[in-house]
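Q: Before we start, here is the structure in question, set down as structure tokens.
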Amino acid sequence: MGAARTAARTVIALDVGGTSIKGGTLTDGATTLEHTDRWYTRADRGPEAVLETVLACAEELAGRCPDADAAGIVVPGIVDEESGLAVLAGNLGWTDVPVQDWLAEHLCLPVAFGHDVRAGGLAEARVGAGRGCADFLFVPVGTGIAAAAFRHGRALTGGHGRAGELGHVVVRPGGERCRCGGRGCLETVASAAAIARRYARATGWHGITAREVQARADAGDDVATAIWTDAIEALADALATAVTLYDPERVVVGGGLARAGEAYLAPLREALAHRLTFQAVPEVTEARLGDRAGCLGAALLAHDLLEREATGP
């Protein structure tokens, strides 16, 4: 057994995204991040420049919190949590980048490494909309779409670490080409980027966001209504498959579109329930932690790492 814990411990946390890097610190027992900040990723500069930015952000947080005991970092794409590799993070230009080792060497701290969506789901499981629920799906809908399935507070990773790619479930066979190479993936219909792109293509109105499409639909715009409705129907198609496979008690929907509230969630609940027959209909609710979830999850992973080190095998 390890030595008993005598003082509160603080960790550094980073959530690396294609657009921005979110950072903060978390002390034992707290549920709110401190020293929070956000930096532009600027992935257009190339993968090495992105990594240099990540290390610089971590160093800045370490300067604000010199007594940090560990760090946690989460990234998008395909990750190998055991080896600490970002196997493929297309938005960052990373392939087989040993993020965990490089950050540990840079900070001289133990580092926990994970997947951004699973980390966000972990935060929702412990202090958010998944709290008290043994089995739930965390589904952030933003520029892309992903999912994390939780069983008794633990995320399913799959045999190759690639579980949860809900955005690449084919919902419209033969449809639009997806960035993954497939056609008709959920992301091509139901993501925020897809909603905005499809409206622009249909109307010639560029620079319109998905939330603005929803507002236009509410105002009676027939094109916006059709695109918004199709997005919700497509998400319900994919969720019906996920519900059949995982039988969750709850579906926690996050990301920018969920912030539309009941205008988004109410028709999604109805569409999902309409597709289910023998399956139990799960509760569908909005995530509580917003865009803090991934960073908070990274901090929780770091605290878990310290706990394991303190208690031993």
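Going through the structure tokens in order, the chains are called A, B, and so on, while each chain numbers its residues from 1 and the ligands are numbered from 1 in the order shown.
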Fewer than 2 positions away in the same chain doesn't count, so skip those; otherwise give me all residues within 12 Å of Tyr264 in chain A, counting only C-alpha atoms, as a ChimeraX atom specification.

A: /A:141,190,210-211,214-215,217-218,228-233,235-236,253-262,266-271,284-286

Q: Can you write just those residues out, N, CA, C and O atoms, as a tab-separated table (two decimals), in the first residue's frame?

A:
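Result written to result.tsv:
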chain	number	residue	atom	x	y	z
A	141	VAL	N	-22.46	16.88	-30.04
A	141	VAL	CA	-22.77	17.19	-31.44
A	141	VAL	C	-22.26	18.60	-31.71
A	141	VAL	O	-22.82	19.59	-31.23
A	190	ALA	N	-25.91	15.60	-39.81
A	190	ALA	CA	-26.41	16.06	-38.51
A	190	ALA	C	-25.43	16.92	-37.72
A	190	ALA	O	-25.82	17.46	-36.68
A	210	ALA	N	-25.19	26.81	-37.71
A	210	ALA	CA	-26.27	25.84	-37.52
A	210	ALA	C	-27.37	26.41	-36.61
A	210	ALA	O	-28.57	26.19	-36.86
A	211	ARG	N	-26.98	27.15	-35.57
A	211	ARG	CA	-27.98	27.74	-34.68
A	211	ARG	C	-28.82	28.78	-35.43
A	211	ARG	O	-30.01	28.93	-35.16
A	214	GLN	N	-31.37	26.97	-37.35
A	214	GLN	CA	-32.48	26.61	-36.46
A	214	GLN	C	-33.41	27.80	-36.23
A	214	GLN	O	-34.64	27.66	-36.25
A	215	ALA	N	-32.83	29.00	-36.04
A	215	ALA	CA	-33.64	30.19	-35.84
A	215	ALA	C	-34.48	30.50	-37.08
A	215	ALA	O	-35.65	30.88	-36.98
A	217	ALA	N	-35.47	28.27	-39.22
A	217	ALA	CA	-36.51	27.24	-39.27
A	217	ALA	C	-37.68	27.63	-38.37
A	217	ALA	O	-38.86	27.51	-38.75
A	218	ASP	N	-37.37	28.12	-37.17
A	218	ASP	CA	-38.42	28.56	-36.24
A	218	ASP	C	-39.23	29.72	-36.82
A	218	ASP	O	-40.41	29.88	-36.51
A	228	TRP	N	-32.86	21.30	-40.86
A	228	TRP	CA	-32.84	21.11	-39.40
A	228	TRP	C	-33.54	19.81	-39.03
A	228	TRP	O	-33.04	19.03	-38.21
A	229	THR	N	-34.70	19.56	-39.64
A	229	THR	CA	-35.45	18.33	-39.35
A	229	THR	C	-34.69	17.10	-39.79
A	229	THR	O	-34.64	16.09	-39.06
A	230	ASP	N	-34.07	17.16	-40.96
A	230	ASP	CA	-33.31	16.02	-41.45
A	230	ASP	C	-32.14	15.71	-40.53
A	230	ASP	O	-31.80	14.54	-40.30
A	231	ALA	N	-31.51	16.75	-39.98
A	231	ALA	CA	-30.39	16.54	-39.05
A	231	ALA	C	-30.86	15.79	-37.80
A	231	ALA	O	-30.20	14.86	-37.33
A	232	ILE	N	-31.99	16.19	-37.26
A	232	ILE	CA	-32.52	15.54	-36.07
A	232	ILE	C	-32.94	14.10	-36.38
A	232	ILE	O	-32.67	13.18	-35.60
A	233	GLU	N	-33.58	13.91	-37.53
A	233	GLU	CA	-34.01	12.56	-37.91
A	233	GLU	C	-32.79	11.64	-38.11
A	233	GLU	O	-32.81	10.47	-37.71
A	235	LEU	N	-29.82	11.94	-36.66
A	235	LEU	CA	-29.26	11.62	-35.35
A	235	LEU	C	-30.11	10.57	-34.64
A	235	LEU	O	-29.57	9.65	-34.01
A	236	ALA	N	-31.41	10.67	-34.78
A	236	ALA	CA	-32.29	9.65	-34.19
A	236	ALA	C	-32.04	8.28	-34.81
A	236	ALA	O	-32.07	7.26	-34.11
A	253	VAL	N	-26.72	14.58	-24.36
A	253	VAL	CA	-26.34	15.24	-25.61
A	253	VAL	C	-25.61	16.54	-25.27
A	253	VAL	O	-26.13	17.40	-24.57
A	254	GLY	N	-24.39	16.65	-25.79
A	254	GLY	CA	-23.60	17.85	-25.57
A	254	GLY	C	-23.29	18.55	-26.88
A	254	GLY	O	-23.87	18.27	-27.92
A	255	GLY	N	-22.35	19.48	-26.82
A	255	GLY	CA	-21.98	20.22	-28.01
A	255	GLY	C	-22.86	21.43	-28.24
A	255	GLY	O	-23.85	21.66	-27.54
A	256	GLY	N	-22.51	22.20	-29.26
A	256	GLY	CA	-23.19	23.46	-29.52
A	256	GLY	C	-24.67	23.32	-29.83
A	256	GLY	O	-25.48	24.15	-29.40
A	257	LEU	N	-25.06	22.27	-30.55
A	257	LEU	CA	-26.47	22.15	-30.93
A	257	LEU	C	-27.36	21.88	-29.72
A	257	LEU	O	-28.51	22.31	-29.67
A	258	ALA	N	-26.83	21.17	-28.73
A	258	ALA	CA	-27.63	20.88	-27.54
A	258	ALA	C	-28.00	22.14	-26.79
A	258	ALA	O	-29.01	22.18	-26.07
A	259	ARG	N	-27.22	23.20	-26.99
A	259	ARG	CA	-27.53	24.45	-26.30
A	259	ARG	C	-28.77	25.12	-26.87
A	259	ARG	O	-29.25	26.12	-26.32
A	260	ALA	N	-29.30	24.59	-27.97
A	260	ALA	CA	-30.61	25.06	-28.46
A	260	ALA	C	-31.73	24.61	-27.53
A	260	ALA	O	-32.87	25.05	-27.65
A	261	GLY	N	-31.41	23.70	-26.60
A	261	GLY	CA	-32.38	23.28	-25.59
A	261	GLY	C	-33.50	22.43	-26.17
A	261	GLY	O	-33.28	21.58	-27.04
A	262	GLU	N	-34.71	22.68	-25.71
A	262	GLU	CA	-35.84	21.84	-26.09
A	262	GLU	C	-36.19	21.94	-27.57
A	262	GLU	O	-36.80	21.03	-28.12
A	266	ALA	N	-36.45	18.09	-27.76
A	266	ALA	CA	-37.83	17.57	-27.80
A	266	ALA	C	-38.10	16.79	-29.09
A	266	ALA	O	-38.59	15.65	-29.04
A	267	PRO	N	-37.82	17.34	-30.28
A	267	PRO	CA	-38.04	16.54	-31.48
A	267	PRO	C	-37.09	15.35	-31.59
A	267	PRO	O	-37.46	14.33	-32.18
A	268	LEU	N	-35.90	15.46	-31.00
A	268	LEU	CA	-34.99	14.32	-31.00
A	268	LEU	C	-35.56	13.18	-30.16
A	268	LEU	O	-35.52	12.01	-30.58
A	269	ARG	N	-36.10	13.49	-28.98
A	269	ARG	CA	-36.73	12.45	-28.15
A	269	ARG	C	-37.86	11.77	-28.91
A	269	ARG	O	-37.99	10.54	-28.89
A	270	GLU	N	-38.71	12.58	-29.54
A	270	GLU	CA	-39.85	12.03	-30.27
A	270	GLU	C	-39.40	11.14	-31.42
A	270	GLU	O	-39.94	10.04	-31.62
A	271	ALA	N	-38.41	11.61	-32.17
A	271	ALA	CA	-37.93	10.83	-33.32
A	271	ALA	C	-37.29	9.52	-32.88
A	271	ALA	O	-37.46	8.48	-33.51
A	284	VAL	N	-33.43	11.34	-22.65
A	284	VAL	CA	-32.54	12.16	-23.47
A	284	VAL	C	-32.46	13.53	-22.81
A	284	VAL	O	-33.47	14.22	-22.65
A	285	THR	N	-31.24	13.92	-22.42
A	285	THR	CA	-31.08	15.15	-21.67
A	285	THR	C	-29.85	15.92	-22.14
A	285	THR	O	-28.95	15.36	-22.76
A	286	GLU	N	-29.83	17.20	-21.82
A	286	GLU	CA	-28.70	18.04	-22.22
A	286	GLU	C	-27.53	17.87	-21.26
A	286	GLU	O	-27.72	17.73	-20.04

Q: Got a sec: who's within 6 Å of range 150-160 of chain A, counting only C-alpha atoms, leaving out chain neighbours fewer than 6 positions off, as a ChimeraX atom specification?

A: /A:134-136

Q: Run DSSP on the backbone and give me the residues of range 115-303 of chain A it puts in strand (DSSP E), as an MDAnalysis selection string.

A: chainID A and resid 115 135:140 148:151 154:155 250:254 283:286

Q: Show which residues sit within 12 Å of Val281 in chain A, as a list in words. Count only C-alpha atoms, and ignore same-chain residues fewer than 3 positions away.

A: Ala236, Leu239, Ala240, Ala242, Val243, Thr244, Tyr246, Asp247, Pro248, Glu249, Arg250, Val251, Arg269, Glu270, Ala271, Leu272, Ala273, His274, Arg275, Leu276, Thr277, Phe278 and Val284 of chain A

Q: Please produce a file of the residues just selected, as a tab-separated table (two decimals), in the first residue's frame, where the atoms kept are N, CA and C atoms.

A:
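Written output follows (again32.tsv):
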chain	number	residue	atom	x	y	z
A	236	ALA	N	-31.41	10.67	-34.78
A	236	ALA	CA	-32.29	9.65	-34.19
A	236	ALA	C	-32.04	8.28	-34.81
A	239	LEU	N	-28.84	7.05	-33.20
A	239	LEU	CA	-29.05	6.75	-31.78
A	239	LEU	C	-29.89	5.49	-31.60
A	240	ALA	N	-30.82	5.24	-32.50
A	240	ALA	CA	-31.61	4.01	-32.40
A	240	ALA	C	-30.71	2.79	-32.49
A	242	ALA	N	-27.48	2.78	-31.64
A	242	ALA	CA	-26.69	2.77	-30.41
A	242	ALA	C	-27.51	2.25	-29.23
A	243	VAL	N	-28.76	2.65	-29.15
A	243	VAL	CA	-29.63	2.18	-28.06
A	243	VAL	C	-29.84	0.68	-28.16
A	244	THR	N	-30.02	0.18	-29.36
A	244	THR	CA	-30.19	-1.26	-29.56
A	244	THR	C	-28.95	-2.03	-29.11
A	246	TYR	N	-26.38	-0.84	-26.95
A	246	TYR	CA	-25.85	-0.58	-25.61
A	246	TYR	C	-26.90	-0.51	-24.51
A	247	ASP	N	-28.17	-0.34	-24.86
A	247	ASP	CA	-29.26	-0.27	-23.88
A	247	ASP	C	-28.97	0.74	-22.77
A	248	PRO	N	-28.69	1.99	-23.11
A	248	PRO	CA	-28.39	2.98	-22.06
A	248	PRO	C	-29.64	3.43	-21.33
A	249	GLU	N	-29.46	3.82	-20.08
A	249	GLU	CA	-30.56	4.42	-19.33
A	249	GLU	C	-30.80	5.86	-19.78
A	250	ARG	N	-29.71	6.50	-20.22
A	250	ARG	CA	-29.79	7.93	-20.51
A	250	ARG	C	-28.89	8.24	-21.70
A	251	VAL	N	-29.31	9.20	-22.51
A	251	VAL	CA	-28.47	9.75	-23.57
A	251	VAL	C	-28.22	11.20	-23.23
A	269	ARG	N	-36.10	13.49	-28.98
A	269	ARG	CA	-36.73	12.45	-28.15
A	269	ARG	C	-37.86	11.77	-28.91
A	270	GLU	N	-38.71	12.58	-29.54
A	270	GLU	CA	-39.85	12.03	-30.27
A	270	GLU	C	-39.40	11.14	-31.42
A	271	ALA	N	-38.41	11.61	-32.17
A	271	ALA	CA	-37.93	10.83	-33.32
A	271	ALA	C	-37.29	9.52	-32.88
A	272	LEU	N	-36.53	9.57	-31.78
A	272	LEU	CA	-35.89	8.36	-31.28
A	272	LEU	C	-36.93	7.36	-30.77
A	273	ALA	N	-37.87	7.83	-29.99
A	273	ALA	CA	-38.91	6.94	-29.45
A	273	ALA	C	-39.70	6.29	-30.58
A	274	HIS	N	-39.93	7.04	-31.67
A	274	HIS	CA	-40.68	6.51	-32.81
A	274	HIS	C	-39.95	5.35	-33.48
A	275	ARG	N	-38.63	5.33	-33.38
A	275	ARG	CA	-37.84	4.30	-34.05
A	275	ARG	C	-37.65	3.04	-33.21
A	276	LEU	N	-37.92	3.13	-31.93
A	276	LEU	CA	-37.67	2.00	-31.04
A	276	LEU	C	-38.94	1.16	-30.90
A	277	THR	N	-38.74	-0.14	-30.85
A	277	THR	CA	-39.87	-1.06	-30.73
A	277	THR	C	-39.78	-1.81	-29.40
A	278	PHE	N	-38.96	-2.86	-29.35
A	278	PHE	CA	-38.83	-3.62	-28.10
A	278	PHE	C	-37.85	-2.96	-27.12
A	284	VAL	N	-33.43	11.34	-22.65
A	284	VAL	CA	-32.54	12.16	-23.47
A	284	VAL	C	-32.46	13.53	-22.81

Q: Tell me which protein, DNA and RNA residues are within 7 Å of Ser191 in chain A, counting only C-alpha atoms, leaving out same-chain ones fewer than 4 positions away, and put them as a count of residues only.

A: 7

Q: Using only C-alpha atoms, determine which residues lie at most 8 Å from Cys57 in chain A, disregarding the query and same-chain residues fewer than 3 positions distant; provide the list as a list in words.

A: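 So the residues in contact are Gly23, Trp39, Thr53, Val54, Glu60 and Leu61 of chain A.
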
Q: Would you mind exporting the chosen residues as an mmCIF file, in the first residue's frame, restricted to N, CA, C and O atoms?

A:
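out_38.cif, written as the output of this step:
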data_model
loop_
_atom_site.group_PDB
_atom_site.id
_atom_site.type_symbol
_atom_site.label_atom_id
_atom_site.label_comp_id
_atom_site.auth_asym_id
_atom_site.auth_seq_id
_atom_site.Cartn_x
_atom_site.Cartn_y
_atom_site.Cartn_z
ATOM 1 N N GLY A 23 -7.432 24.945 -21.134
ATOM 2 C CA GLY A 23 -6.588 24.535 -20.024
ATOM 3 C C GLY A 23 -7.122 25.006 -18.699
ATOM 4 O O GLY A 23 -7.956 25.921 -18.621
ATOM 5 N N TRP A 39 -6.390 28.878 -25.776
ATOM 6 C CA TRP A 39 -5.433 29.315 -26.775
ATOM 7 C C TRP A 39 -5.865 28.777 -28.138
ATOM 8 O O TRP A 39 -6.442 27.690 -28.228
ATOM 9 N N THR A 53 2.893 24.364 -29.379
ATOM 10 C CA THR A 53 1.901 25.198 -28.715
ATOM 11 C C THR A 53 1.333 24.489 -27.496
ATOM 12 O O THR A 53 1.161 25.101 -26.438
ATOM 13 N N VAL A 54 1.043 23.211 -27.630
ATOM 14 C CA VAL A 54 0.519 22.435 -26.508
ATOM 15 C C VAL A 54 1.505 22.453 -25.342
ATOM 16 O O VAL A 54 1.124 22.679 -24.177
ATOM 17 N N GLU A 60 2.796 27.239 -19.372
ATOM 18 C CA GLU A 60 2.163 28.437 -18.819
ATOM 19 C C GLU A 60 1.300 28.084 -17.610
ATOM 20 O O GLU A 60 1.330 28.773 -16.589
ATOM 21 N N LEU A 61 0.534 26.992 -17.717
ATOM 22 C CA LEU A 61 -0.283 26.562 -16.582
ATOM 23 C C LEU A 61 0.591 26.131 -15.414
ATOM 24 O O LEU A 61 0.270 26.396 -14.247
#

Q: Residues near His303 in chain A, anyone? I mean within 9 Å using only C-alpha atoms, not counting same-chain ones fewer than 5 positions away, as a list of chain:residue names.

A: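 Surrounding residues, per the criterion: A:Arg9, A:Thr10, A:Val11, A:Leu26, A:Thr27, A:Asp28, A:Asp69, A:Ala70, A:Ala71, A:Gly72, A:Ala112, A:Ala298, A:Arg308.
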
Q: Would you save the residues of that selection, restricted to N, CA and C atoms, as a compact mmCIF listing (two decimals), in the first residue's frame?

A:
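selection-v3.txt, written as the output of this step:
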# COMPACT_ATOMS: atom_id res chain seq x y z
N ARG A 9 -4.10 17.70 -3.56
CA ARG A 9 -3.22 17.71 -4.72
C ARG A 9 -3.90 18.46 -5.87
N THR A 10 -3.07 19.09 -6.67
CA THR A 10 -3.58 19.87 -7.79
C THR A 10 -2.96 19.36 -9.08
N VAL A 11 -3.77 19.32 -10.13
CA VAL A 11 -3.29 18.84 -11.42
C VAL A 11 -3.54 19.89 -12.49
N LEU A 26 -7.09 21.72 -11.36
CA LEU A 26 -8.14 21.18 -10.48
C LEU A 26 -7.50 20.62 -9.23
N THR A 27 -8.05 21.01 -8.09
CA THR A 27 -7.57 20.53 -6.81
C THR A 27 -8.49 19.43 -6.29
N ASP A 28 -7.94 18.50 -5.52
CA ASP A 28 -8.71 17.41 -4.92
C ASP A 28 -10.03 17.91 -4.37
N ASP A 69 0.92 18.40 -9.07
CA ASP A 69 1.41 17.04 -8.82
C ASP A 69 1.37 16.15 -10.07
N ALA A 70 0.56 16.52 -11.05
CA ALA A 70 0.42 15.72 -12.26
C ALA A 70 -0.27 16.55 -13.32
N ALA A 71 -0.35 16.01 -14.52
CA ALA A 71 -1.06 16.68 -15.60
C ALA A 71 -1.92 15.66 -16.34
N GLY A 72 -2.97 16.15 -16.96
CA GLY A 72 -3.82 15.31 -17.81
C GLY A 72 -4.01 16.00 -19.14
N ALA A 112 -1.45 11.83 -17.36
CA ALA A 112 -2.54 10.96 -17.80
C ALA A 112 -2.96 11.40 -19.20
N ALA A 298 -9.95 15.64 -18.36
CA ALA A 298 -8.49 15.47 -18.36
C ALA A 298 -7.95 15.60 -16.94
N ARG A 308 -3.98 6.02 -8.20
CA ARG A 308 -3.40 4.69 -8.44
C ARG A 308 -1.97 4.63 -7.92

Q: Just the number, please: distance in Å from CA of Glu176 in chain A to CA of Trp94 in chain A, one decimal.

A: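 Spanning CA of Glu176 in chain A to CA of Trp94 in chain A is a straight-line distance of 25.6 Å.
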
Q: Would you list the contacts of Val74 in chain A as a list in words, taking every protein, DNA or RNA residue within 7 Å and counting only C-alpha atoms, but skipping same-chain residues closer than 4 positions in sequence?

A: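 Listing them by chain and then by number gives Leu14, Asp15, Val16, Phe113, Gly114, His115, Asp116 and Ala298 of chain A.
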
Q: Could you tell me how far CA of Glu165 in chain A sits from CA of Val50 in chain A, in Å to one decimal place?

A: 23.9 Å

Q: Can you tell me, as a ChimeraX atom specification, which residues in range 247-313 of chain A count as alpha helix (DSSP H) by DSSP?

A: /A:262-275,293-311

Q: Could you check which of A:Arg216, A:Gly167, A:Leu245, A:Ile227 is closest to Arg197 in chain A, using only C-alpha atoms?

A: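 Closest to Arg197 in chain A of all the choices is A:Ile227.
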